[in-house]
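Novice: To start, I am sharing the structure in question, which I have written as structure tokens.
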Amino acid sequence: MTDMIILAREIAQHLEGDWRTGEGAFGDGTDAYLLGPNGEKLQIRHGTTTATKNRFEVFGPLDFDFKRHNEPPHLITVSPDKPATRIAGDIARRLLPAYREGMVLAAEAKVRHELREAERTHTIKTLLGILPNVDHLADDHDSIDFGGGRRSLPIGGRLRVQSNSQVEWTVHTTKELAFNLAETIYALSRSGDIPQEPKTSTTELGSQPTPRA
């Protein structure tokens, strides 16, 4: 059986740039890694399916969490009879262009994710510093109980900071504070933060059933 680390070293010599090799995931010589100058990491291995059992596979993995949902598999197969120079040519022509594009898109998605997470963390920390009697839930890091929790009066509840840093509120109040809260929400809507204005004026709220805020 072909020792893949030896084959990988031969292939690396024929790829453009400073390519290196590394021991494979299996650790038994049946696979090896080709490590490229721009972060490329290709696994060369014996065929893993019935259709490819008599061929070699060269596979370019991407971070599962950040690759596109419709990302094509970056996998080619080559004949074990091909010399290393021709396998290198197949990799350069058939695998690397699309794989490198996928790498760039995955890296951009990771940066966007990290920025969103940083914004969400900042939002949570800011709210923790403003709200009274807060409890940052250990089993749900995106949620905060405040004012004694969702069933505490005169006012309490829970909020959840979503992935886009919007905040979902569940608030429980007395009837009197519900009117004050409604006035505050109405005032915010007048500032343009909420585009729709209520159809019923705040002076008529006392005759309406008390909604759950």
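Chains: A, B, ... in order of the structure tokens. Residues: from 1 per chain. Ligands: from 1, in order shown.
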Would you pick out the contacts of Lys67 in chain A at 9 Å or less, using only C-alpha atoms, so that residues sharing its chain but fewer than 6 positions from it are not included, and give the list as a list of chain:residue names?
Specialist: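 Listing them by chain and then by number gives A:Gly102, A:Met103, A:Leu105, A:Ala106, A:Ala107, A:Ala109, A:Lys110.
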Novice: I'd like the neighbourhood of range 72-83 of chain A as a PyMOL selection string, where a residue qualifies if any of its atoms comes within 8 Å (using only C-alpha atoms), though same-chain residues fewer than 3 positions away should be ignored.
Specialist: chain A and resi 47+52+54-61+86-87+90-91+94-95+98-99
Novice: Those same residues - all heavy atoms - I'd like them written as a short mmCIF file (atom, residue, chain, number, x, y, z; two decimals), in the first residue's frame.
Specialist:
data_model
loop_
_atom_site.label_atom_id
_atom_site.label_comp_id
_atom_site.auth_asym_id
_atom_site.auth_seq_id
_atom_site.Cartn_x
_atom_site.Cartn_y
_atom_site.Cartn_z
N GLY A 47 -8.99 5.86 -1.48
CA GLY A 47 -10.42 6.04 -1.70
C GLY A 47 -11.26 5.56 -0.52
O GLY A 47 -10.97 4.53 0.09
N THR A 52 -14.46 4.77 -5.31
CA THR A 52 -13.11 5.33 -5.35
C THR A 52 -12.08 4.44 -4.65
O THR A 52 -10.94 4.87 -4.44
CB THR A 52 -13.09 6.72 -4.67
OG1 THR A 52 -13.42 6.57 -3.27
CG2 THR A 52 -14.08 7.66 -5.33
N ASN A 54 -10.24 2.14 -5.55
CA ASN A 54 -9.01 1.86 -6.30
C ASN A 54 -8.33 3.14 -6.81
O ASN A 54 -7.49 3.09 -7.70
CB ASN A 54 -9.32 0.93 -7.48
CG ASN A 54 -9.78 -0.44 -7.02
OD1 ASN A 54 -9.25 -0.99 -6.05
ND2 ASN A 54 -10.79 -0.99 -7.70
N ARG A 55 -8.73 4.26 -6.22
CA ARG A 55 -8.15 5.54 -6.61
C ARG A 55 -7.70 6.29 -5.36
O ARG A 55 -7.97 5.86 -4.23
CB ARG A 55 -9.17 6.39 -7.40
CG ARG A 55 -9.56 5.76 -8.74
CD ARG A 55 -10.64 6.55 -9.44
NE ARG A 55 -10.20 7.87 -9.88
CZ ARG A 55 -9.50 8.08 -10.98
NH1 ARG A 55 -9.14 7.08 -11.77
NH2 ARG A 55 -9.17 9.32 -11.33
N PHE A 56 -7.00 7.39 -5.58
CA PHE A 56 -6.65 8.28 -4.48
C PHE A 56 -7.61 9.46 -4.49
O PHE A 56 -8.03 9.95 -5.55
CB PHE A 56 -5.22 8.81 -4.63
CG PHE A 56 -4.15 7.76 -4.49
CD1 PHE A 56 -2.89 7.97 -5.05
CD2 PHE A 56 -4.38 6.57 -3.82
CE1 PHE A 56 -1.90 7.01 -4.93
CE2 PHE A 56 -3.39 5.61 -3.69
CZ PHE A 56 -2.15 5.83 -4.25
N GLU A 57 -7.97 9.91 -3.31
CA GLU A 57 -8.79 11.11 -3.15
C GLU A 57 -7.92 12.26 -2.63
O GLU A 57 -7.07 12.05 -1.77
CB GLU A 57 -9.93 10.87 -2.16
CG GLU A 57 -10.93 9.81 -2.58
CD GLU A 57 -11.98 9.55 -1.52
OE1 GLU A 57 -11.83 10.04 -0.38
OE2 GLU A 57 -12.95 8.84 -1.83
N VAL A 58 -8.17 13.44 -3.16
CA VAL A 58 -7.56 14.66 -2.63
C VAL A 58 -8.71 15.56 -2.22
O VAL A 58 -9.54 15.95 -3.05
CB VAL A 58 -6.64 15.36 -3.64
CG1 VAL A 58 -5.91 16.52 -2.97
CG2 VAL A 58 -5.64 14.38 -4.24
N PHE A 59 -8.77 15.89 -0.94
CA PHE A 59 -9.93 16.56 -0.36
C PHE A 59 -9.51 17.85 0.32
O PHE A 59 -8.55 17.88 1.10
CB PHE A 59 -10.59 15.63 0.66
CG PHE A 59 -11.71 16.25 1.45
CD1 PHE A 59 -12.81 16.81 0.82
CD2 PHE A 59 -11.65 16.28 2.84
CE1 PHE A 59 -13.84 17.38 1.55
CE2 PHE A 59 -12.67 16.84 3.58
CZ PHE A 59 -13.77 17.39 2.94
N GLY A 60 -10.23 18.94 0.02
CA GLY A 60 -9.98 20.23 0.66
C GLY A 60 -11.09 20.56 1.64
O GLY A 60 -12.15 21.05 1.22
N PRO A 61 -10.91 20.30 2.93
CA PRO A 61 -11.96 20.59 3.91
C PRO A 61 -12.05 22.08 4.21
O PRO A 61 -11.08 22.81 4.12
CB PRO A 61 -11.51 19.80 5.15
CG PRO A 61 -10.02 19.76 5.04
CD PRO A 61 -9.71 19.70 3.56
N ARG A 86 2.06 14.76 -12.18
CA ARG A 86 0.75 14.87 -12.82
C ARG A 86 -0.36 15.02 -11.77
O ARG A 86 -1.35 15.72 -12.01
CB ARG A 86 0.50 13.65 -13.70
CG ARG A 86 1.39 13.60 -14.94
CD ARG A 86 0.97 12.48 -15.86
NE ARG A 86 -0.41 12.63 -16.31
CZ ARG A 86 -1.11 11.66 -16.93
NH1 ARG A 86 -0.54 10.48 -17.14
NH2 ARG A 86 -2.35 11.88 -17.32
N ILE A 87 -0.21 14.38 -10.63
CA ILE A 87 -1.19 14.57 -9.55
C ILE A 87 -1.17 16.03 -9.10
O ILE A 87 -2.22 16.64 -8.87
CB ILE A 87 -0.91 13.62 -8.37
CG1 ILE A 87 -1.11 12.16 -8.81
CG2 ILE A 87 -1.82 13.96 -7.19
CD1 ILE A 87 -0.77 11.15 -7.72
N ASP A 90 -3.13 18.01 -11.52
CA ASP A 90 -4.57 17.84 -11.32
C ASP A 90 -5.05 18.69 -10.13
O ASP A 90 -6.12 19.32 -10.19
CB ASP A 90 -4.90 16.38 -11.06
CG ASP A 90 -4.85 15.53 -12.33
OD1 ASP A 90 -4.94 16.11 -13.42
OD2 ASP A 90 -4.73 14.30 -12.21
N ILE A 91 -4.28 18.69 -9.06
CA ILE A 91 -4.65 19.48 -7.89
C ILE A 91 -4.71 20.97 -8.24
O ILE A 91 -5.66 21.68 -7.89
CB ILE A 91 -3.65 19.23 -6.74
CG1 ILE A 91 -3.80 17.80 -6.21
CG2 ILE A 91 -3.85 20.24 -5.61
CD1 ILE A 91 -2.73 17.39 -5.21
N ARG A 94 -7.75 21.30 -11.06
CA ARG A 94 -9.11 20.83 -10.81
C ARG A 94 -9.62 21.10 -9.39
O ARG A 94 -10.83 21.09 -9.17
CB ARG A 94 -9.18 19.32 -11.09
CG ARG A 94 -8.92 18.93 -12.53
CD ARG A 94 -8.67 17.41 -12.66
NE ARG A 94 -9.72 16.65 -11.97
CZ ARG A 94 -9.57 15.40 -11.55
NH1 ARG A 94 -8.39 14.77 -11.74
NH2 ARG A 94 -10.54 14.77 -10.95
N LEU A 95 -8.72 21.32 -8.46
CA LEU A 95 -9.14 21.44 -7.07
C LEU A 95 -8.90 22.83 -6.47
O LEU A 95 -9.80 23.42 -5.86
CB LEU A 95 -8.43 20.39 -6.21
CG LEU A 95 -8.75 20.39 -4.70
CD1 LEU A 95 -10.23 20.11 -4.48
CD2 LEU A 95 -7.90 19.35 -3.97
N ALA A 98 -11.40 26.41 -7.00
CA ALA A 98 -12.67 26.46 -6.28
C ALA A 98 -12.46 26.35 -4.78
O ALA A 98 -13.17 27.00 -3.99
CB ALA A 98 -13.59 25.33 -6.76
N TYR A 99 -11.48 25.56 -4.36
CA TYR A 99 -11.20 25.41 -2.94
C TYR A 99 -10.74 26.73 -2.34
O TYR A 99 -11.18 27.12 -1.25
CB TYR A 99 -10.16 24.32 -2.73
CG TYR A 99 -9.67 24.18 -1.31
CD1 TYR A 99 -10.55 23.86 -0.28
CD2 TYR A 99 -8.33 24.39 -0.99
CE1 TYR A 99 -10.10 23.73 1.03
CE2 TYR A 99 -7.88 24.26 0.31
CZ TYR A 99 -8.76 23.93 1.32
OH TYR A 99 -8.31 23.81 2.62
#
Novice: Which one of A:Arg116, A:Gly157, A:Phe66, A:Gly27 sits closest to Asp135 in chain A if you count only C-alpha atoms?
Specialist: A:Gly157
Novice: Run DSSP on the backbone and give me the residues of chain A it puts in strand (DSSP E), as a PyMOL selection string.
Specialist: chain A and resi 20-23+31-35+41-46+56-59+75-78+135-136+143-146+155-161+167-173
Novice: Return the single residue from A:Arg93, A:Lys41, A:Arg160, A:Lys53 that is closest to Ala8 in chain A, with distances computed using only C-alpha atoms.
Specialist: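 Nearest to Ala8 in chain A: A:Lys41.
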